[in-house]
Structures are given as C-alpha cells and as structure tokens.
>>> print(open('protein.cif').read())   # mmCIF, N, CA and C atoms, pLDDT in the B column; chains and numbers go by the auth columns
data_structure
#
loop_
_atom_site.group_PDB
_atom_site.id
_atom_site.type_symbol
_atom_site.label_atom_id
_atom_site.label_comp_id
_atom_site.label_asym_id
_atom_site.label_seq_id
_atom_site.Cartn_x
_atom_site.Cartn_y
_atom_site.Cartn_z
_atom_site.B_iso_or_equiv
_atom_site.auth_seq_id
_atom_site.auth_asym_id
ATOM 1 N N MET A 1 -12.824 0.738 1.609 80.00 753 A
ATOM 2 C CA MET A 1 -11.384 0.628 1.620 80.00 753 A
ATOM 3 C C MET A 1 -10.877 -0.352 0.557 80.00 753 A
ATOM 4 N N VAL A 2 -11.580 -1.466 0.414 88.00 754 A
ATOM 5 C CA VAL A 2 -11.143 -2.474 -0.558 88.00 754 A
ATOM 6 C C VAL A 2 -11.201 -1.890 -1.967 88.00 754 A
ATOM 7 N N ASP A 3 -12.265 -1.165 -2.279 91.00 755 A
ATOM 8 C CA ASP A 3 -12.397 -0.555 -3.608 91.00 755 A
ATOM 9 C C ASP A 3 -11.259 0.430 -3.872 91.00 755 A
ATOM 10 N N GLU A 4 -10.948 1.222 -2.865 92.00 756 A
ATOM 11 C CA GLU A 4 -9.868 2.190 -2.994 92.00 756 A
ATOM 12 C C GLU A 4 -8.537 1.468 -3.243 92.00 756 A
ATOM 13 N N TRP A 5 -8.296 0.390 -2.502 94.00 757 A
ATOM 14 C CA TRP A 5 -7.060 -0.367 -2.673 94.00 757 A
ATOM 15 C C TRP A 5 -7.001 -1.014 -4.067 94.00 757 A
ATOM 16 N N LEU A 6 -8.122 -1.511 -4.554 94.00 758 A
ATOM 17 C CA LEU A 6 -8.155 -2.108 -5.890 94.00 758 A
ATOM 18 C C LEU A 6 -7.830 -1.070 -6.964 94.00 758 A
ATOM 19 N N ARG A 7 -8.331 0.148 -6.805 94.00 759 A
ATOM 20 C CA ARG A 7 -8.022 1.217 -7.762 94.00 759 A
ATOM 21 C C ARG A 7 -6.529 1.551 -7.735 94.00 759 A
ATOM 22 N N ILE A 8 -5.957 1.585 -6.544 95.00 760 A
ATOM 23 C CA ILE A 8 -4.525 1.844 -6.419 95.00 760 A
ATOM 24 C C ILE A 8 -3.732 0.733 -7.098 95.00 760 A
ATOM 25 N N LYS A 9 -4.123 -0.510 -6.862 93.00 761 A
ATOM 26 C CA LYS A 9 -3.430 -1.643 -7.477 93.00 761 A
ATOM 27 C C LYS A 9 -3.512 -1.566 -9.006 93.00 761 A
ATOM 28 N N GLU A 10 -4.647 -1.154 -9.534 95.00 762 A
ATOM 29 C CA GLU A 10 -4.795 -0.997 -10.988 95.00 762 A
ATOM 30 C C GLU A 10 -3.843 0.064 -11.521 95.00 762 A
ATOM 31 N N ARG A 11 -3.730 1.185 -10.790 93.00 763 A
ATOM 32 C CA ARG A 11 -2.820 2.250 -11.228 93.00 763 A
ATOM 33 C C ARG A 11 -1.366 1.793 -11.158 93.00 763 A
ATOM 34 N N ILE A 12 -1.022 1.046 -10.113 92.00 764 A
ATOM 35 C CA ILE A 12 0.343 0.522 -10.004 92.00 764 A
ATOM 36 C C ILE A 12 0.638 -0.361 -11.212 92.00 764 A
ATOM 37 N N LYS A 13 -0.299 -1.222 -11.546 92.00 765 A
ATOM 38 C CA LYS A 13 -0.114 -2.130 -12.675 92.00 765 A
ATOM 39 C C LYS A 13 -0.013 -1.354 -13.998 92.00 765 A
ATOM 40 N N ALA A 14 -0.874 -0.365 -14.180 94.00 766 A
ATOM 41 C CA ALA A 14 -0.896 0.402 -15.432 94.00 766 A
ATOM 42 C C ALA A 14 0.350 1.273 -15.594 94.00 766 A
ATOM 43 N N ASN A 15 0.802 1.885 -14.508 90.00 767 A
ATOM 44 C CA ASN A 15 1.926 2.824 -14.576 90.00 767 A
ATOM 45 C C ASN A 15 3.264 2.179 -14.231 90.00 767 A
ATOM 46 N N ASN A 16 3.207 0.992 -13.669 91.00 768 A
ATOM 47 C CA ASN A 16 4.396 0.290 -13.201 91.00 768 A
ATOM 48 C C ASN A 16 5.156 1.101 -12.157 91.00 768 A
ATOM 49 N N LYS A 17 4.408 1.919 -11.408 91.00 769 A
ATOM 50 C CA LYS A 17 4.993 2.674 -10.299 91.00 769 A
ATOM 51 C C LYS A 17 3.882 3.098 -9.347 91.00 769 A
ATOM 52 N N LEU A 18 4.290 3.484 -8.167 92.00 770 A
ATOM 53 C CA LEU A 18 3.360 3.914 -7.139 92.00 770 A
ATOM 54 C C LEU A 18 3.338 5.441 -7.121 92.00 770 A
ATOM 55 N N LEU A 19 2.201 6.020 -7.446 93.00 771 A
ATOM 56 C CA LEU A 19 2.068 7.477 -7.465 93.00 771 A
ATOM 57 C C LEU A 19 2.097 8.022 -6.036 93.00 771 A
ATOM 58 N N ARG A 20 2.510 9.260 -5.892 95.00 772 A
ATOM 59 C CA ARG A 20 2.681 9.876 -4.563 95.00 772 A
ATOM 60 C C ARG A 20 1.391 9.823 -3.736 95.00 772 A
ATOM 61 N N ASN A 21 0.260 10.192 -4.323 95.00 773 A
ATOM 62 C CA ASN A 21 -1.008 10.164 -3.572 95.00 773 A
ATOM 63 C C ASN A 21 -1.363 8.742 -3.162 95.00 773 A
ATOM 64 N N ASP A 22 -1.124 7.785 -4.050 95.00 774 A
ATOM 65 C CA ASP A 22 -1.402 6.383 -3.742 95.00 774 A
ATOM 66 C C ASP A 22 -0.469 5.890 -2.630 95.00 774 A
ATOM 67 N N TYR A 23 0.765 6.369 -2.651 96.00 775 A
ATOM 68 C CA TYR A 23 1.736 6.022 -1.611 96.00 775 A
ATOM 69 C C TYR A 23 1.223 6.474 -0.243 96.00 775 A
ATOM 70 N N LYS A 24 0.708 7.692 -0.181 96.00 776 A
ATOM 71 C CA LYS A 24 0.190 8.214 1.087 96.00 776 A
ATOM 72 C C LYS A 24 -1.022 7.407 1.565 96.00 776 A
ATOM 73 N N VAL A 25 -1.905 7.029 0.642 96.00 777 A
ATOM 74 C CA VAL A 25 -3.065 6.208 1.004 96.00 777 A
ATOM 75 C C VAL A 25 -2.593 4.842 1.498 96.00 777 A
ATOM 76 N N MET A 26 -1.603 4.258 0.823 96.00 778 A
ATOM 77 C CA MET A 26 -1.065 2.971 1.246 96.00 778 A
ATOM 78 C C MET A 26 -0.511 3.071 2.669 96.00 778 A
ATOM 79 N N CYS A 27 0.212 4.134 2.961 97.00 779 A
ATOM 80 C CA CYS A 27 0.770 4.323 4.304 97.00 779 A
ATOM 81 C C CYS A 27 -0.342 4.456 5.339 97.00 779 A
ATOM 82 N N LYS A 28 -1.382 5.196 4.982 96.00 780 A
ATOM 83 C CA LYS A 28 -2.521 5.382 5.882 96.00 780 A
ATOM 84 C C LYS A 28 -3.219 4.048 6.152 96.00 780 A
ATOM 85 N N LEU A 29 -3.472 3.287 5.097 95.00 781 A
ATOM 86 C CA LEU A 29 -4.134 1.992 5.247 95.00 781 A
ATOM 87 C C LEU A 29 -3.283 1.025 6.066 95.00 781 A
ATOM 88 N N HIS A 30 -1.991 1.008 5.797 96.00 782 A
ATOM 89 C CA HIS A 30 -1.109 0.095 6.527 96.00 782 A
ATOM 90 C C HIS A 30 -1.114 0.441 8.014 96.00 782 A
ATOM 91 N N ALA A 31 -1.046 1.710 8.341 97.00 783 A
ATOM 92 C CA ALA A 31 -1.082 2.135 9.744 97.00 783 A
ATOM 93 C C ALA A 31 -2.399 1.723 10.401 97.00 783 A
ATOM 94 N N GLU A 32 -3.474 1.898 9.672 95.00 784 A
ATOM 95 C CA GLU A 32 -4.800 1.570 10.211 95.00 784 A
ATOM 96 C C GLU A 32 -4.958 0.062 10.445 95.00 784 A
ATOM 97 N N TYR A 33 -4.623 -0.738 9.456 95.00 785 A
ATOM 98 C CA TYR A 33 -4.848 -2.177 9.554 95.00 785 A
ATOM 99 C C TYR A 33 -3.803 -2.904 10.384 95.00 785 A
ATOM 100 N N PHE A 34 -2.610 -2.343 10.477 96.00 786 A
ATOM 101 C CA PHE A 34 -1.553 -2.995 11.249 96.00 786 A
ATOM 102 C C PHE A 34 -1.270 -2.266 12.553 96.00 786 A
ATOM 103 N N LYS A 35 -2.166 -1.340 12.873 97.00 787 A
ATOM 104 C CA LYS A 35 -2.198 -0.663 14.169 97.00 787 A
ATOM 105 C C LYS A 35 -0.835 -0.111 14.602 97.00 787 A
ATOM 106 N N HIS A 36 -0.295 0.755 13.755 97.00 788 A
ATOM 107 C CA HIS A 36 0.927 1.465 14.105 97.00 788 A
ATOM 108 C C HIS A 36 0.751 2.924 13.690 97.00 788 A
ATOM 109 N N PRO A 37 1.548 3.801 14.255 98.00 789 A
ATOM 110 C CA PRO A 37 1.435 5.210 13.865 98.00 789 A
ATOM 111 C C PRO A 37 1.720 5.384 12.375 98.00 789 A
ATOM 112 N N TYR A 38 1.087 6.391 11.792 97.00 790 A
ATOM 113 C CA TYR A 38 1.316 6.691 10.378 97.00 790 A
ATOM 114 C C TYR A 38 2.785 7.002 10.178 97.00 790 A
ATOM 115 N N LYS A 39 3.382 6.362 9.183 96.00 791 A
ATOM 116 C CA LYS A 39 4.759 6.685 8.799 96.00 791 A
ATOM 117 C C LYS A 39 4.907 6.407 7.316 96.00 791 A
ATOM 118 N N GLU A 40 5.833 7.095 6.721 96.00 792 A
ATOM 119 C CA GLU A 40 6.130 6.905 5.301 96.00 792 A
ATOM 120 C C GLU A 40 7.532 6.327 5.187 96.00 792 A
ATOM 121 N N PRO A 41 7.610 5.037 4.871 93.00 793 A
ATOM 122 C CA PRO A 41 8.944 4.457 4.727 93.00 793 A
ATOM 123 C C PRO A 41 9.687 5.101 3.557 93.00 793 A
ATOM 124 N N CYS A 42 10.989 5.101 3.656 92.00 794 A
ATOM 125 C CA CYS A 42 11.817 5.687 2.603 92.00 794 A
ATOM 126 C C CYS A 42 11.493 5.026 1.268 92.00 794 A
ATOM 127 N N THR A 43 11.270 5.844 0.262 89.00 795 A
ATOM 128 C CA THR A 43 10.948 5.306 -1.062 89.00 795 A
ATOM 129 C C THR A 43 12.154 4.664 -1.725 89.00 795 A
ATOM 130 N N CYS A 44 13.328 4.844 -1.147 92.00 796 A
ATOM 131 C CA CYS A 44 14.522 4.186 -1.694 92.00 796 A
ATOM 132 C C CYS A 44 14.533 2.694 -1.343 92.00 796 A
ATOM 133 N N ASN A 45 13.691 2.300 -0.370 88.00 797 A
ATOM 134 C CA ASN A 45 13.635 0.909 0.055 88.00 797 A
ATOM 135 C C ASN A 45 12.444 0.218 -0.618 88.00 797 A
ATOM 136 N N LYS A 46 12.641 -0.216 -1.849 91.00 798 A
ATOM 137 C CA LYS A 46 11.557 -0.845 -2.625 91.00 798 A
ATOM 138 C C LYS A 46 11.064 -2.129 -1.966 91.00 798 A
ATOM 139 N N ARG A 47 11.962 -2.849 -1.328 94.00 799 A
ATOM 140 C CA ARG A 47 11.589 -4.118 -0.690 94.00 799 A
ATOM 141 C C ARG A 47 10.542 -3.888 0.403 94.00 799 A
ATOM 142 N N ASN A 48 10.752 -2.867 1.200 94.00 800 A
ATOM 143 C CA ASN A 48 9.814 -2.552 2.276 94.00 800 A
ATOM 144 C C ASN A 48 8.454 -2.141 1.709 94.00 800 A
ATOM 145 N N ILE A 49 8.451 -1.343 0.662 94.00 801 A
ATOM 146 C CA ILE A 49 7.197 -0.901 0.047 94.00 801 A
ATOM 147 C C ILE A 49 6.466 -2.097 -0.561 94.00 801 A
ATOM 148 N N ARG A 50 7.200 -2.977 -1.249 94.00 802 A
ATOM 149 C CA ARG A 50 6.576 -4.190 -1.801 94.00 802 A
ATOM 150 C C ARG A 50 5.949 -5.026 -0.693 94.00 802 A
ATOM 151 N N GLN A 51 6.629 -5.100 0.455 96.00 803 A
ATOM 152 C CA GLN A 51 6.097 -5.873 1.574 96.00 803 A
ATOM 153 C C GLN A 51 4.806 -5.254 2.091 96.00 803 A
ATOM 154 N N TRP A 52 4.768 -3.935 2.184 96.00 804 A
ATOM 155 C CA TRP A 52 3.545 -3.275 2.631 96.00 804 A
ATOM 156 C C TRP A 52 2.403 -3.539 1.661 96.00 804 A
ATOM 157 N N ILE A 53 2.686 -3.537 0.375 95.00 805 A
ATOM 158 C CA ILE A 53 1.662 -3.835 -0.630 95.00 805 A
ATOM 159 C C ILE A 53 1.149 -5.259 -0.426 95.00 805 A
ATOM 160 N N LEU A 54 2.059 -6.200 -0.235 95.00 806 A
ATOM 161 C CA LEU A 54 1.653 -7.595 0.018 95.00 806 A
ATOM 162 C C LEU A 54 0.855 -7.717 1.307 95.00 806 A
ATOM 163 N N ASP A 55 1.273 -6.998 2.347 96.00 807 A
ATOM 164 C CA ASP A 55 0.538 -7.011 3.621 96.00 807 A
ATOM 165 C C ASP A 55 -0.905 -6.563 3.413 96.00 807 A
ATOM 166 N N LEU A 56 -1.062 -5.462 2.700 95.00 808 A
ATOM 167 C CA LEU A 56 -2.418 -4.941 2.461 95.00 808 A
ATOM 168 C C LEU A 56 -3.225 -5.878 1.572 95.00 808 A
ATOM 169 N N ASP A 57 -2.589 -6.483 0.594 94.00 809 A
ATOM 170 C CA ASP A 57 -3.288 -7.475 -0.231 94.00 809 A
ATOM 171 C C ASP A 57 -3.826 -8.610 0.646 94.00 809 A
ATOM 172 N N ARG A 58 -2.988 -9.091 1.566 94.00 810 A
ATOM 173 C CA ARG A 58 -3.415 -10.200 2.429 94.00 810 A
ATOM 174 C C ARG A 58 -4.626 -9.810 3.279 94.00 810 A
ATOM 175 N N VAL A 59 -4.577 -8.618 3.829 93.00 811 A
ATOM 176 C CA VAL A 59 -5.662 -8.185 4.722 93.00 811 A
ATOM 177 C C VAL A 59 -6.912 -7.796 3.948 93.00 811 A
ATOM 178 N N LEU A 60 -6.756 -6.994 2.922 92.00 812 A
ATOM 179 C CA LEU A 60 -7.917 -6.451 2.215 92.00 812 A
ATOM 180 C C LEU A 60 -8.486 -7.389 1.148 92.00 812 A
ATOM 181 N N LEU A 61 -7.624 -8.190 0.567 87.00 813 A
ATOM 182 C CA LEU A 61 -8.075 -9.056 -0.522 87.00 813 A
ATOM 183 C C LEU A 61 -8.053 -10.527 -0.130 87.00 813 A
ATOM 184 N N ASN A 62 -7.757 -10.791 1.129 85.00 814 A
ATOM 185 C CA ASN A 62 -7.703 -12.162 1.667 85.00 814 A
ATOM 186 C C ASN A 62 -6.794 -13.077 0.855 85.00 814 A
ATOM 187 N N LYS A 63 -5.654 -12.549 0.455 69.00 815 A
ATOM 188 C CA LYS A 63 -4.664 -13.367 -0.260 69.00 815 A
ATOM 189 C C LYS A 63 -3.670 -13.911 0.743 69.00 815 A
ATOM 190 N N SER A 64 -3.157 -15.110 0.475 53.00 816 A
ATOM 191 C CA SER A 64 -2.145 -15.647 1.380 53.00 816 A
ATOM 192 C C SER A 64 -0.764 -15.453 0.852 53.00 816 A
#
>>> encode(input="protein.cif", output="structure tokens")
Amino acid sequence: MVDEWLRIKERIKANNKLLRNDYKVMCKLHAEYFKHPYKEPCTCNKRNIRQWILDLDRVLLNKS
C-alpha cells in the first residue's frame, strides 16, 4: 500500500493534479485506513481532497 501511495504522490507532483484512477485509489485507501464506507468526495471541494491526502500521508508515511 505504501508503494502504491508513493507512486500516486509522484504522479500528483509531476502532473500537478490528481488523476481519476489515483483519486479512486485514494478514496479506497482512506476508507480502509479510516474505517468508513467507500465514498468519493466531490472533486469541487479541493480542501477536502487535500485533507484526505494529508491524512493518508500521516498514516502511510508516518508524517505529522
């Protein structure tokens, strides 16, 4: 999972955007690690998506 997340983070950095497939993986990982049903937050809410990215960084990459 960590390797997959690192690849997604690299693509986000390279493209300066979150690709659709990566978005779905992020949603899946967030649901798994934060124990909630799978959901896809509205892509119009960038703040929420950024928060999910930070959440996953904290859990998967042990960042504070």
>>> residues_near_point(input="protein.cif", point="(2.1, 5.1, -4.7)", cutoff="12 Å", atoms="only C-alpha atoms", output="mmCIF file with N, CA and C atoms, in the frame of the given file")
data_model
loop_
_atom_site.group_PDB
_atom_site.id
_atom_site.type_symbol
_atom_site.label_atom_id
_atom_site.label_comp_id
_atom_site.auth_asym_id
_atom_site.auth_seq_id
_atom_site.Cartn_x
_atom_site.Cartn_y
_atom_site.Cartn_z
ATOM 1 N N TRP A 757 -8.296 0.390 -2.502
ATOM 2 C CA TRP A 757 -7.060 -0.367 -2.673
ATOM 3 C C TRP A 757 -7.001 -1.014 -4.067
ATOM 4 N N ARG A 759 -8.331 0.148 -6.805
ATOM 5 C CA ARG A 759 -8.022 1.217 -7.762
ATOM 6 C C ARG A 759 -6.529 1.551 -7.735
ATOM 7 N N ILE A 760 -5.957 1.585 -6.544
ATOM 8 C CA ILE A 760 -4.525 1.844 -6.419
ATOM 9 C C ILE A 760 -3.732 0.733 -7.098
ATOM 10 N N LYS A 761 -4.123 -0.510 -6.862
ATOM 11 C CA LYS A 761 -3.430 -1.643 -7.477
ATOM 12 C C LYS A 761 -3.512 -1.566 -9.006
ATOM 13 N N GLU A 762 -4.647 -1.154 -9.534
ATOM 14 C CA GLU A 762 -4.795 -0.997 -10.988
ATOM 15 C C GLU A 762 -3.843 0.064 -11.521
ATOM 16 N N ARG A 763 -3.730 1.185 -10.790
ATOM 17 C CA ARG A 763 -2.820 2.250 -11.228
ATOM 18 C C ARG A 763 -1.366 1.793 -11.158
ATOM 19 N N ILE A 764 -1.022 1.046 -10.113
ATOM 20 C CA ILE A 764 0.343 0.522 -10.004
ATOM 21 C C ILE A 764 0.638 -0.361 -11.212
ATOM 22 N N LYS A 765 -0.299 -1.222 -11.546
ATOM 23 C CA LYS A 765 -0.114 -2.130 -12.675
ATOM 24 C C LYS A 765 -0.013 -1.354 -13.998
ATOM 25 N N ASN A 767 0.802 1.885 -14.508
ATOM 26 C CA ASN A 767 1.926 2.824 -14.576
ATOM 27 C C ASN A 767 3.264 2.179 -14.231
ATOM 28 N N ASN A 768 3.207 0.992 -13.669
ATOM 29 C CA ASN A 768 4.396 0.290 -13.201
ATOM 30 C C ASN A 768 5.156 1.101 -12.157
ATOM 31 N N LYS A 769 4.408 1.919 -11.408
ATOM 32 C CA LYS A 769 4.993 2.674 -10.299
ATOM 33 C C LYS A 769 3.882 3.098 -9.347
ATOM 34 N N LEU A 770 4.290 3.484 -8.167
ATOM 35 C CA LEU A 770 3.360 3.914 -7.139
ATOM 36 C C LEU A 770 3.338 5.441 -7.121
ATOM 37 N N LEU A 771 2.201 6.020 -7.446
ATOM 38 C CA LEU A 771 2.068 7.477 -7.465
ATOM 39 C C LEU A 771 2.097 8.022 -6.036
ATOM 40 N N ARG A 772 2.510 9.260 -5.892
ATOM 41 C CA ARG A 772 2.681 9.876 -4.563
ATOM 42 C C ARG A 772 1.391 9.823 -3.736
ATOM 43 N N ASN A 773 0.260 10.192 -4.323
ATOM 44 C CA ASN A 773 -1.008 10.164 -3.572
ATOM 45 C C ASN A 773 -1.363 8.742 -3.162
ATOM 46 N N ASP A 774 -1.124 7.785 -4.050
ATOM 47 C CA ASP A 774 -1.402 6.383 -3.742
ATOM 48 C C ASP A 774 -0.469 5.890 -2.630
ATOM 49 N N TYR A 775 0.765 6.369 -2.651
ATOM 50 C CA TYR A 775 1.736 6.022 -1.611
ATOM 51 C C TYR A 775 1.223 6.474 -0.243
ATOM 52 N N LYS A 776 0.708 7.692 -0.181
ATOM 53 C CA LYS A 776 0.190 8.214 1.087
ATOM 54 C C LYS A 776 -1.022 7.407 1.565
ATOM 55 N N VAL A 777 -1.905 7.029 0.642
ATOM 56 C CA VAL A 777 -3.065 6.208 1.004
ATOM 57 C C VAL A 777 -2.593 4.842 1.498
ATOM 58 N N MET A 778 -1.603 4.258 0.823
ATOM 59 C CA MET A 778 -1.065 2.971 1.246
ATOM 60 C C MET A 778 -0.511 3.071 2.669
ATOM 61 N N CYS A 779 0.212 4.134 2.961
ATOM 62 C CA CYS A 779 0.770 4.323 4.304
ATOM 63 C C CYS A 779 -0.342 4.456 5.339
ATOM 64 N N LYS A 780 -1.382 5.196 4.982
ATOM 65 C CA LYS A 780 -2.521 5.382 5.882
ATOM 66 C C LYS A 780 -3.219 4.048 6.152
ATOM 67 N N GLU A 792 5.833 7.095 6.721
ATOM 68 C CA GLU A 792 6.130 6.905 5.301
ATOM 69 C C GLU A 792 7.532 6.327 5.187
ATOM 70 N N PRO A 793 7.610 5.037 4.871
ATOM 71 C CA PRO A 793 8.944 4.457 4.727
ATOM 72 C C PRO A 793 9.687 5.101 3.557
ATOM 73 N N THR A 795 11.270 5.844 0.262
ATOM 74 C CA THR A 795 10.948 5.306 -1.062
ATOM 75 C C THR A 795 12.154 4.664 -1.725
ATOM 76 N N LYS A 798 12.641 -0.216 -1.849
ATOM 77 C CA LYS A 798 11.557 -0.845 -2.625
ATOM 78 C C LYS A 798 11.064 -2.129 -1.966
ATOM 79 N N ILE A 801 8.451 -1.343 0.662
ATOM 80 C CA ILE A 801 7.197 -0.901 0.047
ATOM 81 C C ILE A 801 6.466 -2.097 -0.561
ATOM 82 N N ARG A 802 7.200 -2.977 -1.249
ATOM 83 C CA ARG A 802 6.576 -4.190 -1.801
ATOM 84 C C ARG A 802 5.949 -5.026 -0.693
ATOM 85 N N TRP A 804 4.768 -3.935 2.184
ATOM 86 C CA TRP A 804 3.545 -3.275 2.631
ATOM 87 C C TRP A 804 2.403 -3.539 1.661
ATOM 88 N N ILE A 805 2.686 -3.537 0.375
ATOM 89 C CA ILE A 805 1.662 -3.835 -0.630
ATOM 90 C C ILE A 805 1.149 -5.259 -0.426
#
>>> resolve_selection(input="protein.cif", expression="the PyMOL selection byres (((chain A and resi 811 and name CA) around 12) and name CA)", output="PyMOL selection string")
chain A and resi 753-754+757+781-782+784-786+804-810+812-816
>>> select_by_dssp(input="protein.cif", residues="stretch 758-805 of chain A", states="alpha helix (DSSP H)", output="MDAnalysis selection string")
chainID A and resid 758:767 772:785 798:805
>>> atom_distance(input="protein.cif", atom1="atom N of A:Tyr790", atom2="atom N of A:Ala766")
26.9 Å
>>> build_atoms(input="protein.cif", residues="stretch 801-809 of chain A", atoms="all heavy atoms", output="PDB file, keeping the file's coordinate frame")
ATOM      1  N   ILE A 801       8.451  -1.343   0.662  1.00 94.00           N
ATOM      2  CA  ILE A 801       7.197  -0.901   0.047  1.00 94.00           C
ATOM      3  C   ILE A 801       6.466  -2.097  -0.561  1.00 94.00           C
ATOM      4  O   ILE A 801       5.252  -2.230  -0.396  1.00 94.00           O
ATOM      5  CB  ILE A 801       7.464   0.204  -0.995  1.00 94.00           C
ATOM      6  CG1 ILE A 801       7.947   1.457  -0.258  1.00 94.00           C
ATOM      7  CG2 ILE A 801       6.218   0.488  -1.823  1.00 94.00           C
ATOM      8  CD1 ILE A 801       8.440   2.557  -1.146  1.00 94.00           C
ATOM      9  N   ARG A 802       7.200  -2.977  -1.249  1.00 94.00           N
ATOM     10  CA  ARG A 802       6.576  -4.190  -1.801  1.00 94.00           C
ATOM     11  C   ARG A 802       5.949  -5.026  -0.693  1.00 94.00           C
ATOM     12  O   ARG A 802       4.858  -5.580  -0.860  1.00 94.00           O
ATOM     13  CB  ARG A 802       7.605  -5.032  -2.559  1.00 94.00           C
ATOM     14  CG  ARG A 802       7.787  -4.580  -3.957  1.00 94.00           C
ATOM     15  CD  ARG A 802       8.633  -5.580  -4.752  1.00 94.00           C
ATOM     16  NE  ARG A 802       9.610  -4.833  -5.514  1.00 94.00           N
ATOM     17  CZ  ARG A 802      10.913  -4.774  -5.269  1.00 94.00           C
ATOM     18  NH1 ARG A 802      11.449  -5.466  -4.319  1.00 94.00           N
ATOM     19  NH2 ARG A 802      11.692  -4.020  -6.009  1.00 94.00           N
ATOM     20  N   GLN A 803       6.629  -5.100   0.455  1.00 96.00           N
ATOM     21  CA  GLN A 803       6.097  -5.873   1.574  1.00 96.00           C
ATOM     22  C   GLN A 803       4.806  -5.254   2.091  1.00 96.00           C
ATOM     23  O   GLN A 803       3.850  -5.961   2.396  1.00 96.00           O
ATOM     24  CB  GLN A 803       7.128  -5.977   2.701  1.00 96.00           C
ATOM     25  CG  GLN A 803       6.670  -6.865   3.848  1.00 96.00           C
ATOM     26  CD  GLN A 803       6.384  -8.286   3.395  1.00 96.00           C
ATOM     27  OE1 GLN A 803       7.227  -8.925   2.764  1.00 96.00           O
ATOM     28  NE2 GLN A 803       5.196  -8.785   3.694  1.00 96.00           N
ATOM     29  N   TRP A 804       4.768  -3.935   2.184  1.00 96.00           N
ATOM     30  CA  TRP A 804       3.545  -3.275   2.631  1.00 96.00           C
ATOM     31  C   TRP A 804       2.403  -3.539   1.661  1.00 96.00           C
ATOM     32  O   TRP A 804       1.264  -3.744   2.078  1.00 96.00           O
ATOM     33  CB  TRP A 804       3.785  -1.771   2.791  1.00 96.00           C
ATOM     34  CG  TRP A 804       4.443  -1.403   4.084  1.00 96.00           C
ATOM     35  CD1 TRP A 804       5.309  -2.169   4.807  1.00 96.00           C
ATOM     36  CD2 TRP A 804       4.287  -0.188   4.801  1.00 96.00           C
ATOM     37  NE1 TRP A 804       5.713  -1.489   5.922  1.00 96.00           N
ATOM     38  CE2 TRP A 804       5.091  -0.267   5.947  1.00 96.00           C
ATOM     39  CE3 TRP A 804       3.559   0.965   4.576  1.00 96.00           C
ATOM     40  CZ2 TRP A 804       5.184   0.762   6.880  1.00 96.00           C
ATOM     41  CZ3 TRP A 804       3.655   1.995   5.507  1.00 96.00           C
ATOM     42  CH2 TRP A 804       4.449   1.894   6.644  1.00 96.00           C
ATOM     43  N   ILE A 805       2.686  -3.537   0.375  1.00 95.00           N
ATOM     44  CA  ILE A 805       1.662  -3.835  -0.630  1.00 95.00           C
ATOM     45  C   ILE A 805       1.149  -5.259  -0.426  1.00 95.00           C
ATOM     46  O   ILE A 805      -0.069  -5.496  -0.421  1.00 95.00           O
ATOM     47  CB  ILE A 805       2.209  -3.627  -2.058  1.00 95.00           C
ATOM     48  CG1 ILE A 805       2.427  -2.126  -2.312  1.00 95.00           C
ATOM     49  CG2 ILE A 805       1.263  -4.216  -3.105  1.00 95.00           C
ATOM     50  CD1 ILE A 805       3.191  -1.811  -3.578  1.00 95.00           C
ATOM     51  N   LEU A 806       2.059  -6.200  -0.235  1.00 95.00           N
ATOM     52  CA  LEU A 806       1.653  -7.595   0.018  1.00 95.00           C
ATOM     53  C   LEU A 806       0.855  -7.717   1.307  1.00 95.00           C
ATOM     54  O   LEU A 806      -0.133  -8.458   1.373  1.00 95.00           O
ATOM     55  CB  LEU A 806       2.886  -8.508   0.066  1.00 95.00           C
ATOM     56  CG  LEU A 806       3.613  -8.711  -1.248  1.00 95.00           C
ATOM     57  CD1 LEU A 806       4.908  -9.488  -1.017  1.00 95.00           C
ATOM     58  CD2 LEU A 806       2.737  -9.409  -2.262  1.00 95.00           C
ATOM     59  N   ASP A 807       1.273  -6.998   2.347  1.00 96.00           N
ATOM     60  CA  ASP A 807       0.538  -7.011   3.621  1.00 96.00           C
ATOM     61  C   ASP A 807      -0.905  -6.563   3.413  1.00 96.00           C
ATOM     62  O   ASP A 807      -1.845  -7.203   3.894  1.00 96.00           O
ATOM     63  CB  ASP A 807       1.193  -6.071   4.637  1.00 96.00           C
ATOM     64  CG  ASP A 807       2.539  -6.539   5.152  1.00 96.00           C
ATOM     65  OD1 ASP A 807       2.882  -7.729   4.959  1.00 96.00           O
ATOM     66  OD2 ASP A 807       3.247  -5.704   5.736  1.00 96.00           O
ATOM     67  N   LEU A 808      -1.062  -5.462   2.700  1.00 95.00           N
ATOM     68  CA  LEU A 808      -2.418  -4.941   2.461  1.00 95.00           C
ATOM     69  C   LEU A 808      -3.225  -5.878   1.572  1.00 95.00           C
ATOM     70  O   LEU A 808      -4.430  -6.055   1.796  1.00 95.00           O
ATOM     71  CB  LEU A 808      -2.359  -3.540   1.871  1.00 95.00           C
ATOM     72  CG  LEU A 808      -1.912  -2.462   2.857  1.00 95.00           C
ATOM     73  CD1 LEU A 808      -1.632  -1.153   2.143  1.00 95.00           C
ATOM     74  CD2 LEU A 808      -2.950  -2.273   3.960  1.00 95.00           C
ATOM     75  N   ASP A 809      -2.589  -6.483   0.594  1.00 94.00           N
ATOM     76  CA  ASP A 809      -3.288  -7.475  -0.231  1.00 94.00           C
ATOM     77  C   ASP A 809      -3.826  -8.610   0.646  1.00 94.00           C
ATOM     78  O   ASP A 809      -4.970  -9.033   0.491  1.00 94.00           O
ATOM     79  CB  ASP A 809      -2.370  -8.065  -1.300  1.00 94.00           C
ATOM     80  CG  ASP A 809      -2.169  -7.139  -2.481  1.00 94.00           C
ATOM     81  OD1 ASP A 809      -2.887  -6.139  -2.596  1.00 94.00           O
ATOM     82  OD2 ASP A 809      -1.264  -7.430  -3.288  1.00 94.00           O
TER      83      ASP A 809
END
